[in-house]
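Take a look at the structure set out below.
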Amino acid sequence: MTHRVRTRAAQDVRPPAVLEGEDTETYATDASRYPGQAPPKVYLPLDEGHVAWVLARAEQLLTVGAQSSLTGGASPQGEAVLATSRMNAIGEISPGRIRVQPGVALVTLNETLAERGAFFPPTPTYDGAFVGGAVSTNAAGSATWKYGTTREWVEGLTLVLACGEVLELVRGQVHASPSRTFEVELTSGEVLELSVPTYVMPDVPKRSAGYHAAPGMDLVDLFIGSEGTLGVLTSILLRTLEGNPEHVAALVPCPSEAIGLEFVRRLRDSSRATWASQDPCGLDVRSVESMDRRAVELVVADGHDEAAGLSLPVGTELLLLVVLELPAGSDAEAMLEDYAGPEPVDSPLKRLLELLDEFELLDESELALPNDSARQAQLFAIREAVPLGVNHRVRDAKRDVDARIHKVGGDMIVPFEQFATAMKIYRREFVELRGLDLVVWGHISDGNVHPNVIPRDHACVEAGHEALLACGAALLELGGCPLSEHGVGRNPVKQALLRQLYGEEGLAQMRALKAVLDPAGNLARDVIFPWSPA
């Protein structure tokens with residue numbers, strides 16, 4: 001095992017295509033609508049040679065992909081942009097592995113894999129995002145409960161450092177020394193020493209909260225979740241799974257949050273038992289999504305339940321969307337028909353229906369089988385209607401009330417055992433103490449939800465920021481993390497949450513690490529933390 005790695009010179013260094021003038025205006029902001037400005041130029045590289053040429057120019061640079069960031073991390077602030085959209089080649093594919101450039105969209109990745117009977121499990125909710133962005137933020141989503149975050153599926157990275165040299169990494173080859181350092185030897189013979197920060201990261205399934213830090217960590221992990229501040233990705237080796245399990249979707253209205261949480265706990269416990277025993281009849285839950293009472297009200301008010309042919313029960317306090325995976329070759333229709341018979345045969349679907357019946361949730365639940373993709377899409381659309389409804393209301397308030405209004409939302413996670421307490425904290429800080437209109441939805445199976453504000457005026461925006469910081473501090477006491485899957489970006493509230501998490505010393509250690517690899521602060525300046533010269 002070694003803690004030293006050598007760089008190499010980039011191949012075929014040459015200038016890429018570039019956009020200037022009005023052609024750069026579409027790059028002015030990302031999906032967060034964080035205030036940005038059209039960049040002076042946009043580079044469109046095809047490979048590492050193009051990227052190295054750009055970095056050799058020693059100018060401030062922001063690397064962007066699909067610009068689907070929800071943190072302002074892909075909103076330019078006067079610097080040039082390096083857009084990876086043309087770096088979209090798919091390379092070698094072998095059983096359990098695929099190599100891609102960072103500009104490959106996740107939907108394209110999984111379509112390519114599906115043709116070969118494989119899939120990439122940790123795809124986040126928005127599959128139009130690029131692989132490079134997913135790696136840069138350690139993206140996660142609903143399936144993290146079973147499959148983990150992007151980090152667990154990255155086997156290797158190739159990136160161009162700020163100095164223009166190329167670093168090739170394969171997981172398992174380079175680990176931090178006992179003194180928590182790495183050494184990067186440049187082609188000139190100069191050795192850069194990277195010190196791993198000493199803060200302790202929260203022990204939760206998802207974290208997108210600054211630089212990864214752990215004793216003996218793999219150097220690959222330093223760059224995953226670094227949000228483009230330490231280098232520019234040019235090639236990514238991913239681990240994949242053979243086969244793409246069919247699944248049943250179940251929309252489950254719960255009359256109380258307590259009943260819903262206990263039902264989710266049973267699903268989690270049963271799934272863990274199935275993974276341990278490999279019982280083909282066991283419950284194998286890929287994900288459970290949740291929508292609180294206010295979220296359900298938005299779905300109904302906007303007519304999404306009616307459009308899906310549903311009538312959600314009045315008084316639904318918690319709405320769950322359960323995704324149950326089935327063993328290969330399963331016949332879900334036969335399982336369902338058999339369940340209605342006098343002596344049903346044991347199966348995963350039978351166990352789900354029995355659990356629903358035990359909690360008196362079966363009659364109101366809606367199932368969509370694997371052969372009914374249209375119905376499954378309708379059920380998933382119910383969940384997606386919640387952030388859509390919030391975004392539309394924020395947009396309308398910005399247009400009709402105050403142009404300063406913008407979205408205020410969190411991305412927070414706690415150990416599932418603390419989830420009920422966390423929900424009480426969200427309601428206390430947003431509703432009881434500040435009188436805000438709060439909507440909470442997210443990935444309940446791993447304890448990660450998104451508390452959001454529907455603002456009446458700009459004062460609600462400011463109060464929402466205060467509530468997020470108060471929640472962040474409170475969740476730390478529960479072993480949670482206030483930054484779970486979207487990253488930090490340039491959002492000042494998220495940067496303040498990061499400061500709460502690691503303190504000024506933790507931020508200083510991150511700055512020092514960046515200064516070694518990017519002493520001029522040219523890469524994604526002010527992303528994750530405000531940049532300051534050494």
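If you're wondering about the labels, chains in the structure tokens are A, B, ... by order shown, residues count from 1 in each chain, ligands from 1 in order shown.
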
Q) Which of region 309-422 of chain A counts as helix (DSSP H, G or I) under DSSP, as number ranges by chain please? A) A: 332-339, 348-358, 373-400, 416-422

**Q.** Which residue of A:Ile413, A:Ala66, A:Leu55, A:Val107 approaches Tyr426 (chain A) most closely, using only C-alpha atoms
**A.**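 Ranking A:Ile413, A:Ala66, A:Leu55, A:Val107 by distance to Tyr426 (chain A), first place goes to A:Ile413.
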
Q) Which of these, A:Gly164, A:Pro533, A:Pro215, A:Gly156, has the shortest distance to Pro178 (chain A) once you count only C-alpha atoms? A)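 Between A:Gly164, A:Pro533, A:Pro215, A:Gly156, the residue approaching Pro178 (chain A) most closely is A:Pro215.
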
Q: Extract, using only C-alpha atoms, all DNA, RNA and protein residues at most 7 Å from Arg6 (chain A), discarding same-chain residues fewer than 4 positions from it, and format them as a list of chain:residue names.
A: A:Val184, A:Glu185, A:Leu186

Go ahead and save the picked residues with N, CA and C atoms, as a tab-separated table (two decimals), in the first residue's frame.
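Below is the file selection.tsv, written as the result:
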chain	number	residue	atom	x	y	z
A	184	VAL	N	1.62	13.74	-3.95
A	184	VAL	CA	1.41	13.76	-5.39
A	184	VAL	C	2.69	14.27	-6.04
A	185	GLU	N	3.36	13.39	-6.77
A	185	GLU	CA	4.63	13.76	-7.41
A	185	GLU	C	4.36	14.22	-8.84
A	186	LEU	N	4.72	15.48	-9.13
A	186	LEU	CA	4.52	16.04	-10.46
A	186	LEU	C	5.63	15.57	-11.40

Q: Apply DSSP to the structure's backbone, then extract all residues of region 99-137 of chain A labelled strand (DSSP E) and return them as a list in words.
A: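 These are the residues in question: Arg99, Val100, Ala118 and Phe119 of chain A.
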
Counting only C-alpha atoms, which residues of region 105-152 of chain A sit at most 12 Å from some atom of region 484-494 of chain A, and what is each one's closest atom pair with its distance in Å to one decimal, listed by chain and rising residue number, as a Markdown table?
| residue | atom | partner | partner_atom | distance |
| --- | --- | --- | --- | --- |
| A:Pro122 | CA | A:Glu485 | CA | 11.6 |
| A:Thr123 | CA | A:Glu485 | CA | 11.8 |
| A:Pro124 | CA | A:Glu485 | CA | 9.1 |
| A:Thr125 | CA | A:Glu485 | CA | 10.8 |
| A:Tyr126 | CA | A:His486 | CA | 11.5 |
| A:Ala129 | CA | A:His486 | CA | 12.0 |
| A:Gly133 | CA | A:His486 | CA | 10.2 |
| A:Ala134 | CA | A:His486 | CA | 9.3 |
| A:Val135 | CA | A:Gly487 | CA | 10.8 |
| A:Ser136 | CA | A:Gly487 | CA | 8.7 |
| A:Thr137 | CA | A:Gly487 | CA | 5.4 |
| A:Asn138 | CA | A:Glu485 | CA | 6.9 |
| A:Ala139 | CA | A:Glu485 | CA | 5.4 |
| A:Ala140 | CA | A:Glu485 | CA | 5.5 |
| A:Gly141 | CA | A:Glu485 | CA | 7.4 |
| A:Ser142 | CA | A:Glu485 | CA | 10.5 |
| A:Thr144 | CA | A:Glu485 | CA | 10.1 |
| A:Gly148 | CA | A:Glu485 | CA | 11.4 |
| A:Thr149 | CA | A:Glu485 | CA | 8.7 |
| A:Thr150 | CA | A:Glu485 | CA | 10.0 |
| A:Arg151 | CA | A:Glu485 | CA | 11.5 |

Q: Considering only C-alpha atoms, state which residue in the set A:Pro451, A:Gly132, A:Gly260, A:Gly389 is at the smallest distance from Gly410 (chain A).
A: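 Nearest candidate to Gly410 (chain A) out of A:Pro451, A:Gly132, A:Gly260, A:Gly389: A:Pro451.
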
Q) What is the distance, in Å and to one decimal place, between CA of Arg293 (chain A) and CA of Pro253 (chain A)? A) 10.1 Å

Q. Hey, can you check how far CA of Glu432 (chain A) sits from CA of Glu462 (chain A)?
A. 15.8 Å

Could you list, as a PDB file with N, CA and C atoms, in the first residue's frame, every residue within 10 Å of region 15-29 of chain A, counting only C-alpha atoms and ignoring same-chain residues fewer than 4 positions away?
ATOM      1  N   ARG A  33     -31.416  28.556  -9.671  1.00  0.00           N
ATOM      2  CA  ARG A  33     -31.675  29.972  -9.990  1.00  0.00           C
ATOM      3  C   ARG A  33     -30.885  30.900  -9.076  1.00  0.00           C
ATOM      4  N   TYR A  34     -29.781  30.396  -8.562  1.00  0.00           N
ATOM      5  CA  TYR A  34     -28.879  31.240  -7.784  1.00  0.00           C
ATOM      6  C   TYR A  34     -28.364  32.338  -8.702  1.00  0.00           C
ATOM      7  N   PRO A  35     -28.339  33.594  -8.245  1.00  0.00           N
ATOM      8  CA  PRO A  35     -27.938  34.692  -9.136  1.00  0.00           C
ATOM      9  C   PRO A  35     -26.566  34.469  -9.755  1.00  0.00           C
ATOM     10  N   GLY A  36     -26.516  34.431 -11.064  1.00  0.00           N
ATOM     11  CA  GLY A  36     -25.264  34.273 -11.786  1.00  0.00           C
ATOM     12  C   GLY A  36     -25.207  35.266 -12.927  1.00  0.00           C
ATOM     13  N   GLN A  37     -24.224  35.123 -13.779  1.00  0.00           N
ATOM     14  CA  GLN A  37     -24.099  36.012 -14.933  1.00  0.00           C
ATOM     15  C   GLN A  37     -23.479  35.243 -16.088  1.00  0.00           C
ATOM     16  N   ALA A  38     -23.829  35.673 -17.285  1.00  0.00           N
ATOM     17  CA  ALA A  38     -23.279  35.008 -18.462  1.00  0.00           C
ATOM     18  C   ALA A  38     -21.758  35.084 -18.416  1.00  0.00           C
ATOM     19  N   PRO A  39     -21.085  33.955 -18.586  1.00  0.00           N
ATOM     20  CA  PRO A  39     -19.616  33.960 -18.507  1.00  0.00           C
ATOM     21  C   PRO A  39     -18.998  34.646 -19.722  1.00  0.00           C
ATOM     22  N   PRO A  40     -17.786  35.164 -19.591  1.00  0.00           N
ATOM     23  CA  PRO A  40     -17.136  35.812 -20.732  1.00  0.00           C
ATOM     24  C   PRO A  40     -16.854  34.836 -21.871  1.00  0.00           C
ATOM     25  N   LYS A  41     -16.637  33.573 -21.530  1.00  0.00           N
ATOM     26  CA  LYS A  41     -16.414  32.551 -22.547  1.00  0.00           C
ATOM     27  C   LYS A  41     -16.769  31.195 -21.976  1.00  0.00           C
ATOM     28  N   VAL A  42     -17.129  30.281 -22.870  1.00  0.00           N
ATOM     29  CA  VAL A  42     -17.461  28.915 -22.483  1.00  0.00           C
ATOM     30  C   VAL A  42     -16.608  27.970 -23.324  1.00  0.00           C
ATOM     31  N   TYR A  43     -15.760  27.207 -22.665  1.00  0.00           N
ATOM     32  CA  TYR A  43     -14.943  26.212 -23.355  1.00  0.00           C
ATOM     33  C   TYR A  43     -15.740  24.917 -23.499  1.00  0.00           C
ATOM     34  N   LEU A  44     -15.581  24.251 -24.639  1.00  0.00           N
ATOM     35  CA  LEU A  44     -16.307  23.017 -24.926  1.00  0.00           C
ATOM     36  C   LEU A  44     -15.313  21.901 -25.254  1.00  0.00           C
ATOM     37  N   PRO A  45     -14.633  21.373 -24.255  1.00  0.00           N
ATOM     38  CA  PRO A  45     -13.606  20.356 -24.509  1.00  0.00           C
ATOM     39  C   PRO A  45     -14.212  19.013 -24.898  1.00  0.00           C
ATOM     40  N   LEU A  46     -13.366  18.220 -25.554  1.00  0.00           N
ATOM     41  CA  LEU A  46     -13.737  16.850 -25.910  1.00  0.00           C
ATOM     42  C   LEU A  46     -12.968  15.819 -25.090  1.00  0.00           C
ATOM     43  N   ASP A  47     -11.802  16.209 -24.545  1.00  0.00           N
ATOM     44  CA  ASP A  47     -10.950  15.231 -23.878  1.00  0.00           C
ATOM     45  C   ASP A  47      -9.958  15.942 -22.965  1.00  0.00           C
ATOM     46  N   GLY A  49      -6.815  16.545 -23.339  1.00  0.00           N
ATOM     47  CA  GLY A  49      -5.925  17.481 -24.006  1.00  0.00           C
ATOM     48  C   GLY A  49      -6.532  18.876 -24.068  1.00  0.00           C
ATOM     49  N   HIS A  50      -7.818  18.937 -24.390  1.00  0.00           N
ATOM     50  CA  HIS A  50      -8.519  20.219 -24.389  1.00  0.00           C
ATOM     51  C   HIS A  50      -8.561  20.821 -22.982  1.00  0.00           C
ATOM     52  N   VAL A  51      -8.882  19.988 -21.981  1.00  0.00           N
ATOM     53  CA  VAL A  51      -8.975  20.479 -20.604  1.00  0.00           C
ATOM     54  C   VAL A  51      -7.619  21.010 -20.139  1.00  0.00           C
ATOM     55  N   ALA A  52      -6.544  20.277 -20.431  1.00  0.00           N
ATOM     56  CA  ALA A  52      -5.216  20.710 -20.015  1.00  0.00           C
ATOM     57  C   ALA A  52      -4.847  22.041 -20.654  1.00  0.00           C
ATOM     58  N   TRP A  53      -5.223  22.229 -21.915  1.00  0.00           N
ATOM     59  CA  TRP A  53      -4.934  23.498 -22.587  1.00  0.00           C
ATOM     60  C   TRP A  53      -5.633  24.644 -21.870  1.00  0.00           C
ATOM     61  N   VAL A  54      -6.890  24.428 -21.483  1.00  0.00           N
ATOM     62  CA  VAL A  54      -7.642  25.479 -20.796  1.00  0.00           C
ATOM     63  C   VAL A  54      -7.005  25.795 -19.446  1.00  0.00           C
ATOM     64  N   VAL A  64     -18.935  22.987 -15.415  1.00  0.00           N
ATOM     65  CA  VAL A  64     -20.360  22.689 -15.291  1.00  0.00           C
ATOM     66  C   VAL A  64     -20.715  21.514 -16.182  1.00  0.00           C
ATOM     67  N   ALA A  66     -24.707  19.405 -16.542  1.00  0.00           N
ATOM     68  CA  ALA A  66     -26.094  19.695 -16.934  1.00  0.00           C
ATOM     69  C   ALA A  66     -26.613  20.946 -16.239  1.00  0.00           C
ATOM     70  N   GLN A  67     -25.827  21.544 -15.368  1.00  0.00           N
ATOM     71  CA  GLN A  67     -26.221  22.690 -14.543  1.00  0.00           C
ATOM     72  C   GLN A  67     -27.507  22.401 -13.768  1.00  0.00           C
ATOM     73  N   SER A  68     -27.597  21.179 -13.258  1.00  0.00           N
ATOM     74  CA  SER A  68     -28.754  20.778 -12.458  1.00  0.00           C
ATOM     75  C   SER A  68     -28.523  21.001 -10.969  1.00  0.00           C
ATOM     76  N   SER A  69     -27.454  21.701 -10.620  1.00  0.00           N
ATOM     77  CA  SER A  69     -27.152  21.979  -9.218  1.00  0.00           C
ATOM     78  C   SER A  69     -28.282  22.746  -8.551  1.00  0.00           C
ATOM     79  N   GLY A  72     -26.329  26.562  -6.414  1.00  0.00           N
ATOM     80  CA  GLY A  72     -25.577  27.650  -7.013  1.00  0.00           C
ATOM     81  C   GLY A  72     -24.173  27.264  -7.402  1.00  0.00           C
ATOM     82  N   GLY A  73     -23.835  25.986  -7.230  1.00  0.00           N
ATOM     83  CA  GLY A  73     -22.487  25.537  -7.540  1.00  0.00           C
ATOM     84  C   GLY A  73     -22.150  25.563  -9.013  1.00  0.00           C
ATOM     85  N   ALA A  74     -23.154  25.674  -9.888  1.00  0.00           N
ATOM     86  CA  ALA A  74     -22.910  25.753 -11.326  1.00  0.00           C
ATOM     87  C   ALA A  74     -23.426  27.056 -11.906  1.00  0.00           C
ATOM     88  N   SER A  75     -23.504  28.103 -11.068  1.00  0.00           N
ATOM     89  CA  SER A  75     -23.883  29.439 -11.523  1.00  0.00           C
ATOM     90  C   SER A  75     -22.631  30.312 -11.585  1.00  0.00           C
ATOM     91  N   PRO A  76     -22.176  30.675 -12.796  1.00  0.00           N
ATOM     92  CA  PRO A  76     -20.932  31.452 -12.907  1.00  0.00           C
ATOM     93  C   PRO A  76     -21.039  32.838 -12.288  1.00  0.00           C
ATOM     94  N   GLN A  77     -19.920  33.297 -11.764  1.00  0.00           N
ATOM     95  CA  GLN A  77     -19.855  34.612 -11.120  1.00  0.00           C
ATOM     96  C   GLN A  77     -18.777  35.477 -11.774  1.00  0.00           C
ATOM     97  N   GLY A  78     -18.702  35.426 -13.079  1.00  0.00           N
ATOM     98  CA  GLY A  78     -17.735  36.252 -13.799  1.00  0.00           C
ATOM     99  C   GLY A  78     -16.569  35.485 -14.360  1.00  0.00           C
ATOM    100  N   ALA A  80     -14.696  32.202 -16.457  1.00  0.00           N
ATOM    101  CA  ALA A  80     -14.968  31.401 -17.645  1.00  0.00           C
ATOM    102  C   ALA A  80     -15.584  30.074 -17.224  1.00  0.00           C
ATOM    103  N   VAL A  81     -16.311  29.462 -18.149  1.00  0.00           N
ATOM    104  CA  VAL A  81     -16.952  28.179 -17.881  1.00  0.00           C
ATOM    105  C   VAL A  81     -16.321  27.102 -18.751  1.00  0.00           C
ATOM    106  N   LEU A  82     -16.101  25.929 -18.165  1.00  0.00           N
ATOM    107  CA  LEU A  82     -15.708  24.748 -18.908  1.00  0.00           C
ATOM    108  C   LEU A  82     -16.905  23.810 -18.870  1.00  0.00           C
ATOM    109  N   ALA A  83     -17.587  23.660 -19.994  1.00  0.00           N
ATOM    110  CA  ALA A  83     -18.790  22.828 -20.066  1.00  0.00           C
ATOM    111  C   ALA A  83     -18.426  21.442 -20.571  1.00  0.00           C
TER     112      ALA A  83
END

Q.
From the options A:Ile528, A:Leu355, A:Ala470, A:Leu475, which residue's atoms come nearest to Gln495 (chain A), counting only C-alpha atoms?
A.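 For Gln495 (chain A), the nearest of the candidates is A:Ile528.
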